[in-house]
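Colleague: Next up, start.tsv (TSV, C-alpha atoms).
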```
chain	number	residue	atom	x	y	z
L	1	MET	CA	5.39	-24.08	-34.77
L	2	SER	CA	7.63	-26.35	-36.79
L	3	ASP	CA	8.22	-29.99	-37.64
L	4	GLU	CA	10.62	-30.35	-34.71
L	5	PHE	CA	7.70	-31.05	-32.36
L	6	HIS	CA	6.93	-34.55	-31.14
L	7	ARG	CA	4.58	-36.95	-32.83
L	8	PRO	CA	1.17	-37.49	-31.14
L	9	THR	CA	1.21	-38.98	-27.65
L	10	ARG	CA	-1.64	-40.43	-25.67
L	11	PHE	CA	-3.17	-38.19	-23.02
L	12	PRO	CA	-5.74	-40.05	-20.89
L	13	GLY	CA	-8.89	-38.16	-19.98
L	14	GLU	CA	-8.31	-38.58	-16.26
L	15	ARG	CA	-5.18	-36.45	-16.64
L	16	PHE	CA	-7.25	-33.60	-18.05
L	17	GLU	CA	-5.90	-30.28	-16.89
L	18	ALA	CA	-3.21	-32.02	-14.82
L	19	TYR	CA	-0.24	-31.63	-17.15
L	20	GLN	CA	2.66	-30.52	-15.00
L	21	GLY	CA	5.17	-27.98	-16.19
L	22	GLY	CA	8.55	-27.14	-14.73
L	23	GLU	CA	10.01	-23.75	-13.95
L	24	ASP	CA	8.30	-20.69	-15.36
L	25	PRO	CA	11.01	-18.14	-16.28
L	26	ALA	CA	10.28	-14.92	-18.08
L	27	GLU	CA	11.56	-16.20	-21.42
L	28	ILE	CA	9.19	-19.17	-21.42
L	29	LEU	CA	6.31	-16.83	-20.62
L	30	ARG	CA	7.29	-14.45	-23.40
L	31	VAL	CA	7.45	-17.24	-25.98
L	32	ALA	CA	4.13	-18.65	-24.75
L	33	HIS	CA	2.31	-15.33	-25.04
L	34	ASP	CA	3.93	-14.39	-28.35
L	35	SER	CA	3.13	-17.76	-29.93
L	36	ALA	CA	-0.48	-17.68	-28.71
L	37	ARG	CA	-1.01	-14.19	-30.09
L	38	ALA	CA	0.64	-15.12	-33.41
L	39	LEU	CA	-1.57	-18.21	-33.73
L	40	ILE	CA	-4.75	-16.28	-32.98
L	41	ASP	CA	-3.81	-13.51	-35.41
L	42	ARG	CA	-2.89	-15.99	-38.13
L	43	GLY	CA	-6.17	-17.86	-37.85
L	44	ARG	CA	-8.45	-14.84	-37.49
L	45	GLU	CA	-6.87	-12.77	-40.26
L	46	THR	CA	-6.89	-15.40	-43.02
L	47	ASP	CA	-9.73	-16.12	-45.42
L	48	ASP	CA	-8.22	-19.53	-46.25
L	49	SER	CA	-10.33	-22.24	-44.58
L	50	ALA	CA	-7.54	-24.77	-45.18
L	51	ILE	CA	-5.27	-22.81	-42.85
L	52	VAL	CA	-7.92	-22.86	-40.13
L	53	ASP	CA	-8.40	-26.60	-40.69
L	54	ARG	CA	-4.67	-27.12	-40.13
L	55	LEU	CA	-4.71	-25.01	-36.97
L	56	VAL	CA	-7.66	-26.97	-35.58
L	57	ALA	CA	-5.96	-30.30	-36.37
L	58	PHE	CA	-2.48	-29.22	-35.21
L	59	THR	CA	-2.26	-31.73	-32.36
L	60	ASP	CA	-3.34	-34.59	-34.61
L	61	GLN	CA	0.01	-34.33	-36.35
L	62	HIS	CA	2.28	-32.90	-33.70
L	63	GLY	CA	0.75	-34.19	-30.48
L	64	VAL	CA	-0.65	-32.37	-27.48
L	65	ASP	CA	2.79	-32.34	-25.83
L	66	SER	CA	4.02	-29.82	-28.40
L	67	LEU	CA	1.48	-27.28	-27.18
L	68	ALA	CA	2.07	-28.24	-23.56
L	69	GLU	CA	5.70	-27.23	-24.00
L	70	LEU	CA	4.54	-23.78	-25.07
L	71	TRP	CA	1.46	-23.08	-23.00
L	72	ALA	CA	0.78	-25.49	-20.12
L	73	ARG	CA	2.87	-23.52	-17.62
L	74	THR	CA	1.15	-20.19	-18.20
L	75	SER	CA	-1.60	-18.65	-16.11
L	76	ALA	CA	-5.00	-20.25	-16.52
L	77	THR	CA	-6.47	-16.80	-17.17
L	78	SER	CA	-4.19	-15.81	-20.03
L	79	LEU	CA	-4.42	-16.14	-23.80
L	80	PRO	CA	-2.01	-19.10	-24.00
L	81	GLY	CA	-3.70	-20.65	-20.96
L	82	ALA	CA	-7.09	-20.41	-22.64
L	83	LEU	CA	-5.82	-21.83	-25.93
L	84	TRP	CA	-4.11	-24.70	-24.10
L	85	ARG	CA	-7.35	-25.66	-22.40
L	86	ILE	CA	-9.41	-25.58	-25.58
L	87	TYR	CA	-6.86	-27.62	-27.51
L	88	LEU	CA	-6.66	-30.05	-24.61
L	89	ILE	CA	-10.44	-30.46	-24.58
L	90	ARG	CA	-10.32	-31.49	-28.22
L	91	ALA	CA	-7.37	-33.84	-27.64
L	92	VAL	CA	-9.18	-35.59	-24.78
L	93	VAL	CA	-12.35	-35.98	-26.86
L	94	ARG	CA	-10.39	-37.47	-29.75
L	95	GLN	CA	-8.59	-39.77	-27.33
L	96	ASP	CA	-11.85	-41.33	-26.15
L	97	ALA	CA	-14.89	-40.17	-28.10
L	98	ALA	CA	-17.12	-42.91	-26.69
L	99	GLY	CA	-16.21	-42.19	-23.07
L	100	THR	CA	-16.48	-38.42	-23.35
L	101	SER	CA	-19.79	-38.63	-25.20
L	102	THR	CA	-21.15	-40.82	-22.38
L	103	LEU	CA	-20.12	-38.22	-19.80
L	104	PHE	CA	-21.50	-35.37	-21.88
L	105	GLN	CA	-24.82	-37.08	-22.55
L	106	ARG	CA	-25.27	-37.88	-18.85
L	107	GLY	CA	-24.35	-34.33	-17.91
L	108	ALA	CA	-26.86	-32.90	-20.37
L	109	GLU	CA	-29.54	-35.11	-18.81
L	110	VAL	CA	-28.87	-34.25	-15.17
L	111	LEU	CA	-27.57	-30.68	-15.19
L	112	GLY	CA	-30.85	-28.87	-15.79
L	113	THR	CA	-29.22	-25.80	-17.36
L	114	ILE	CA	-28.75	-24.47	-20.88
L	115	ASP	CA	-25.07	-25.38	-20.91
L	116	ALA	CA	-25.45	-28.16	-23.49
L	117	ALA	CA	-27.16	-25.68	-25.81
L	118	VAL	CA	-24.51	-23.03	-25.12
L	119	ALA	CA	-21.82	-25.55	-26.01
L	120	GLY	CA	-23.68	-26.19	-29.25
L	121	ALA	CA	-24.29	-29.89	-28.73
L	122	VAL	CA	-26.53	-32.11	-30.80
L	123	ILE	CA	-28.70	-34.17	-28.45
L	124	PRO	CA	-28.34	-37.09	-28.10
L	125	THR	CA	-24.58	-36.69	-28.18
L	126	GLY	CA	-22.82	-39.80	-29.41
L	127	PRO	CA	-19.13	-40.25	-30.36
L	128	ALA	CA	-19.53	-38.68	-33.81
L	129	GLU	CA	-21.39	-35.69	-32.37
L	130	ILE	CA	-18.86	-35.11	-29.60
L	131	LEU	CA	-15.97	-35.18	-32.09
L	132	ALA	CA	-17.74	-32.66	-34.31
L	133	LEU	CA	-18.54	-30.46	-31.31
L	134	ALA	CA	-14.93	-30.38	-30.11
L	135	ASP	CA	-13.80	-29.36	-33.60
L	136	GLU	CA	-16.51	-26.70	-33.83
L	137	ILE	CA	-15.60	-25.16	-30.47
L	138	LEU	CA	-11.92	-24.95	-31.42
L	139	ARG	CA	-12.77	-23.62	-34.88
L	140	GLY	CA	-14.66	-20.81	-33.14
L	141	VAL	CA	-11.34	-19.60	-31.75
L	142	TYR	CA	-10.39	-18.60	-35.30
L	143	ARG	CA	-13.84	-17.79	-36.68
L	144	GLY	CA	-16.43	-15.53	-35.08
L	145	ASP	CA	-16.37	-14.19	-31.54
L	146	PHE	CA	-13.48	-15.55	-29.48
L	147	GLY	CA	-15.40	-14.80	-26.28
L	148	VAL	CA	-18.23	-17.01	-27.50
L	149	ALA	CA	-15.75	-19.81	-28.19
L	150	LEU	CA	-14.51	-19.51	-24.61
L	151	ASP	CA	-18.07	-19.56	-23.28
L	152	ARG	CA	-18.84	-22.66	-25.33
L	153	ALA	CA	-15.74	-24.44	-24.05
L	154	ALA	CA	-16.66	-23.52	-20.48
L	155	ALA	CA	-20.19	-24.84	-20.96
L	156	PHE	CA	-18.79	-28.04	-22.45
L	157	CYS	CA	-16.66	-28.55	-19.34
L	158	ARG	CA	-19.60	-27.90	-17.02
L	159	VAL	CA	-21.71	-30.52	-18.79
L	160	MET	CA	-18.86	-33.02	-18.75
L	161	GLY	CA	-18.23	-32.36	-15.08
L	162	ALA	CA	-21.88	-32.92	-14.21
L	163	GLY	CA	-21.81	-36.18	-16.15
L	164	ALA	CA	-18.67	-37.34	-14.38
L	165	THR	CA	-20.21	-36.54	-10.98
L	166	SER	CA	-23.43	-38.38	-11.80
L	167	ILE	CA	-21.68	-41.50	-13.06
L	168	ALA	CA	-19.33	-41.40	-10.05
L	169	ASP	CA	-22.39	-41.56	-7.81
L	170	ASP	CA	-23.56	-44.64	-9.72
L	171	GLN	CA	-20.16	-46.31	-9.34
L	172	GLU	CA	-19.53	-45.46	-5.70
L	173	GLY	CA	-20.78	-48.74	-4.21
L	174	ALA	CA	-19.51	-51.28	-6.70
L	175	HIS	CA	-16.42	-49.50	-8.05
L	176	PRO	CA	-15.15	-46.97	-5.50
L	177	GLU	CA	-11.81	-46.43	-7.26
L	178	ARG	CA	-13.53	-45.57	-10.52
L	179	ALA	CA	-15.91	-43.30	-8.63
L	180	SER	CA	-12.96	-41.50	-7.08
L	181	GLU	CA	-11.32	-41.03	-10.49
L	182	LEU	CA	-14.50	-39.59	-11.92
L	183	THR	CA	-14.98	-37.26	-8.96
L	184	THR	CA	-11.44	-35.95	-9.41
L	185	ARG	CA	-12.07	-35.48	-13.11
L	186	ALA	CA	-15.30	-33.64	-12.39
L	187	LEU	CA	-13.44	-31.22	-10.10
L	188	ARG	CA	-10.84	-30.54	-12.78
L	189	LEU	CA	-13.54	-29.93	-15.36
L	190	SER	CA	-15.38	-27.59	-13.03
L	191	THR	CA	-12.19	-25.65	-12.36
L	192	THR	CA	-11.44	-25.44	-16.07
L	193	ALA	CA	-14.95	-24.18	-16.76
L	194	GLN	CA	-14.44	-21.39	-14.23
L	195	GLU	CA	-11.08	-20.50	-15.76
L	196	LEU	CA	-12.49	-20.34	-19.29
L	197	THR	CA	-15.39	-18.18	-18.10
L	198	SER	CA	-12.88	-15.81	-16.52
L	199	CYS	CA	-10.92	-15.75	-19.79
L	200	ALA	CA	-14.08	-14.86	-21.71
L	201	ARG	CA	-14.74	-11.97	-19.34
L	202	LEU	CA	-11.15	-10.72	-19.66
L	203	TRP	CA	-11.30	-11.01	-23.47
L	204	ARG	CA	-14.42	-8.85	-23.59
L	205	ASN	CA	-12.73	-6.32	-21.34
L	206	GLY	CA	-9.73	-6.24	-23.65
L	207	SER	CA	-7.42	-7.53	-20.93
L	208	LEU	CA	-6.76	-11.17	-21.85
L	209	GLU	CA	-3.01	-11.23	-22.52
```
For the structure just supplied, provide its representation as C-alpha cells.
Modeller:
Amino acid sequence: MSDEFHRPTRFPGERFEAYQGGEDPAEILRVAHDSARALIDRGRETDDSAIVDRLVAFTDQHGVDSLAELWARTSATSLPGALWRIYLIRAVVRQDAAGTSTLFQRGAEVLGTIDAAVAGAVIPTGPAEILALADEILRGVYRGDFGVALDRAAAFCRVMGAGATSIADDQEGAHPERASELTTRALRLSTTAQELTSCARLWRNGSLE
C-alpha cells in the first residue's frame, strides 16, 4: 500500500456494502488475497503499537476507495472480503458518527439480544462511543483473536440493522422514502453480519483464505 492511492472520498452510509466492482480476473484476486494476508501478518506480528495505529487509520489518509480497489470485488467469505467489510464499517461510522450512533442505540434498545455487549459497546452509545467502538473492532483484527474481531463486527452490524429497521417503521407514514432507504440499509447490514459470522467460522476452521 503506497502513496499512489487516492485521498479520502465520501462514502454515504446508505451505500454500505454496495460498492460495485468490475471484472474479477485471477490477477486481481491474487493481489487482493496476497495484500490482505500481508496486512494481517504485518499487524499481528509487530509489537509496535504505532504501526497498528497506522493500519487502523489507513483509510483516513488514503480513502476507502483505495481498499475498494483491492478488496471490494472478492468473495464476501474470504480474508480480503472480511477485511473490506470491517474497514468499511469504520469508514461509515467516521462519515456520520451521529447518525450511526442513533441507529446503534436504537438497535441496542429494541433487539433484545446480547449483540451490543458482544460488539463491546458502551451504553448509551453516542457519537464519541461509536467512533471508539469502530476503532476498537478494527484494532482487534491486529490484536487478539481475529475470530472475535469478526464476531464483534457481525454483532455491530446486527445491532445497526435492528436500529435501521425500527427507525424505518417510525418513518414509514410521514417519510416513506426515508423509511425505504433505512429498510434497504438494514438488509445490507443483516447480510454483512451473516457474511462476517461465516468468516469467523471459516477462520476458526483454518479455511478463511
Colleague: Write out as a tab-separated table the residues of segment 148-191 of chain L that have any atom within 12 Å of an atom of segment 68-90 of chain L, one row each with the nearest atom pair and its distance in Å to one decimal, counting only C-alpha atoms, sorted by chain and then rising number.
Modeller:
```
residue	atom	partner	partner_atom	distance
L:Ala149	CA	L:Ile86	CA	9.0
L:Leu150	CA	L:Ala82	CA	7.7
L:Asp151	CA	L:Ile86	CA	10.8
L:Arg152	CA	L:Ile86	CA	9.9
L:Ala153	CA	L:Ile86	CA	6.6
L:Ala154	CA	L:Ile86	CA	9.1
L:Ala155	CA	L:Ile86	CA	11.8
L:Phe156	CA	L:Ile89	CA	9.0
L:Cys157	CA	L:Ile89	CA	8.4
L:Met160	CA	L:Ile89	CA	10.6
L:Arg188	CA	L:Arg85	CA	11.3
L:Leu189	CA	L:Ile89	CA	9.7
L:Thr191	CA	L:Ala76	CA	9.9
```
Colleague: Go ahead and save the residues from that selection, with C-alpha atoms, as a compact mmCIF listing (two decimals), keeping the file's coordinate frame.
Modeller:
```txt
# COMPACT_ATOMS: atom_id res chain seq x y z
CA ALA L 149 -15.75 -19.81 -28.19
CA LEU L 150 -14.51 -19.51 -24.61
CA ASP L 151 -18.07 -19.56 -23.28
CA ARG L 152 -18.84 -22.66 -25.33
CA ALA L 153 -15.74 -24.44 -24.05
CA ALA L 154 -16.66 -23.52 -20.48
CA ALA L 155 -20.19 -24.84 -20.96
CA PHE L 156 -18.79 -28.04 -22.45
CA CYS L 157 -16.66 -28.55 -19.34
CA MET L 160 -18.86 -33.02 -18.75
CA ARG L 188 -10.84 -30.54 -12.78
CA LEU L 189 -13.54 -29.93 -15.36
CA THR L 191 -12.19 -25.65 -12.36
```
Colleague: One decimal, in Å: what's the spacing between atom CA of Thr192 of chain L and atom CA of Ala116 of chain L?
Modeller: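 A separation of 16.1 Å between them.
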Colleague: If you measure from atom CA of Gly163 of chain L to atom CA of Ser198 of chain L, what distance in Å do you get, rounded to one decimal?
Modeller: 22.2 Å
Colleague: Do you know which residues are at most 12 Å from Val52 of chain L counting all atoms listed in the file, after dropping those on the same chain fewer than 6 positions away, and could you put them as a PDB file with C-alpha atoms, keeping the file's coordinate frame?
Modeller:
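Dumped everything to part_10.pdb:
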```pdb
ATOM      1  CA  LEU L  39      -1.570 -18.210 -33.730  1.00  0.00           C
ATOM      2  CA  ILE L  40      -4.750 -16.280 -32.980  1.00  0.00           C
ATOM      3  CA  ASP L  41      -3.810 -13.510 -35.410  1.00  0.00           C
ATOM      4  CA  ARG L  42      -2.890 -15.990 -38.130  1.00  0.00           C
ATOM      5  CA  GLY L  43      -6.170 -17.860 -37.850  1.00  0.00           C
ATOM      6  CA  ARG L  44      -8.450 -14.840 -37.490  1.00  0.00           C
ATOM      7  CA  GLU L  45      -6.870 -12.770 -40.260  1.00  0.00           C
ATOM      8  CA  THR L  46      -6.890 -15.400 -43.020  1.00  0.00           C
ATOM      9  CA  PHE L  58      -2.480 -29.220 -35.210  1.00  0.00           C
ATOM     10  CA  ASP L 135     -13.800 -29.360 -33.600  1.00  0.00           C
ATOM     11  CA  GLU L 136     -16.510 -26.700 -33.830  1.00  0.00           C
ATOM     12  CA  LEU L 138     -11.920 -24.950 -31.420  1.00  0.00           C
ATOM     13  CA  ARG L 139     -12.770 -23.620 -34.880  1.00  0.00           C
ATOM     14  CA  GLY L 140     -14.660 -20.810 -33.140  1.00  0.00           C
ATOM     15  CA  VAL L 141     -11.340 -19.600 -31.750  1.00  0.00           C
ATOM     16  CA  TYR L 142     -10.390 -18.600 -35.300  1.00  0.00           C
ATOM     17  CA  ARG L 143     -13.840 -17.790 -36.680  1.00  0.00           C
TER      18      ARG L 143
END
```
Colleague: List as CSV every residue of segment 114-173 of chain L that is in contact with segment 102-110 of chain L, defined as an atom at most 10 Å from one of its atoms (using all atoms listed in the file), together with the nearest atom pair and the distance in Å rounded to one decimal, sorted by chain and then rising number.
Modeller:
```
residue,atom,partner,partner_atom,distance
L:Ile114,CA,L:Ala108,CA,8.7
L:Asp115,CA,L:Ala108,CA,7.7
L:Ala116,CA,L:Ala108,CA,5.8
L:Ala117,CA,L:Ala108,CA,9.0
L:Ala121,CA,L:Phe104,CA,9.2
L:Val122,CA,L:Gln105,CA,9.8
L:Ile123,CA,L:Gln105,CA,7.6
L:Pro124,CA,L:Gln105,CA,6.6
L:Thr125,CA,L:Gln105,CA,5.6
L:Gly126,CA,L:Thr102,CA,7.3
L:Pro127,CA,L:Thr102,CA,8.3
L:Ile130,CA,L:Phe104,CA,8.2
L:Phe156,CA,L:Phe104,CA,7.8
L:Cys157,CA,L:Phe104,CA,8.7
L:Arg158,CA,L:Gly107,CA,8.0
L:Val159,CA,L:Gly107,CA,4.7
L:Met160,CA,L:Phe104,CA,4.7
L:Gly161,CA,L:Gly107,CA,7.0
L:Ala162,CA,L:Gly107,CA,4.7
L:Gly163,CA,L:Gly107,CA,3.6
L:Ala164,CA,L:Leu103,CA,5.7
L:Thr165,CA,L:Gly107,CA,8.4
L:Ser166,CA,L:Arg106,CA,7.3
L:Ile167,CA,L:Leu103,CA,7.7
```
Colleague: Using all atoms listed in the file for the distances, tell me which of L:Glu181, L:Ala32, L:Cys199, L:Ala186 is nearest to Ser66 of chain L.
Modeller: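 Checking each candidate against Ser66 of chain L, we get L:Ala32 as the closest.
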Colleague: Could you tell me how far atom CA of Ile137 of chain L lies from atom CA of Ala119 of chain L, in Å and to one decimal?
Modeller: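 Separating atom CA of Ile137 of chain L from atom CA of Ala119 of chain L is a distance of 7.7 Å.
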Colleague: Let me make sure I understand: among L:Ala134, L:Ala36, L:Ala91, L:Ala97, which one has the smallest atom-to-atom distance to Asp60 of chain L if we use only C-alpha atoms?
Modeller: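 Using only C-alpha atoms, Asp60 of chain L sits closest to L:Ala91.
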Colleague: From the options L:Glu27, L:Asp145, L:Glu195, L:Asp169, which residue's atoms come nearest to Thr183 of chain L, counting all atoms listed in the file?
Modeller: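 Selected residue with least distance to Thr183 of chain L: L:Asp169.
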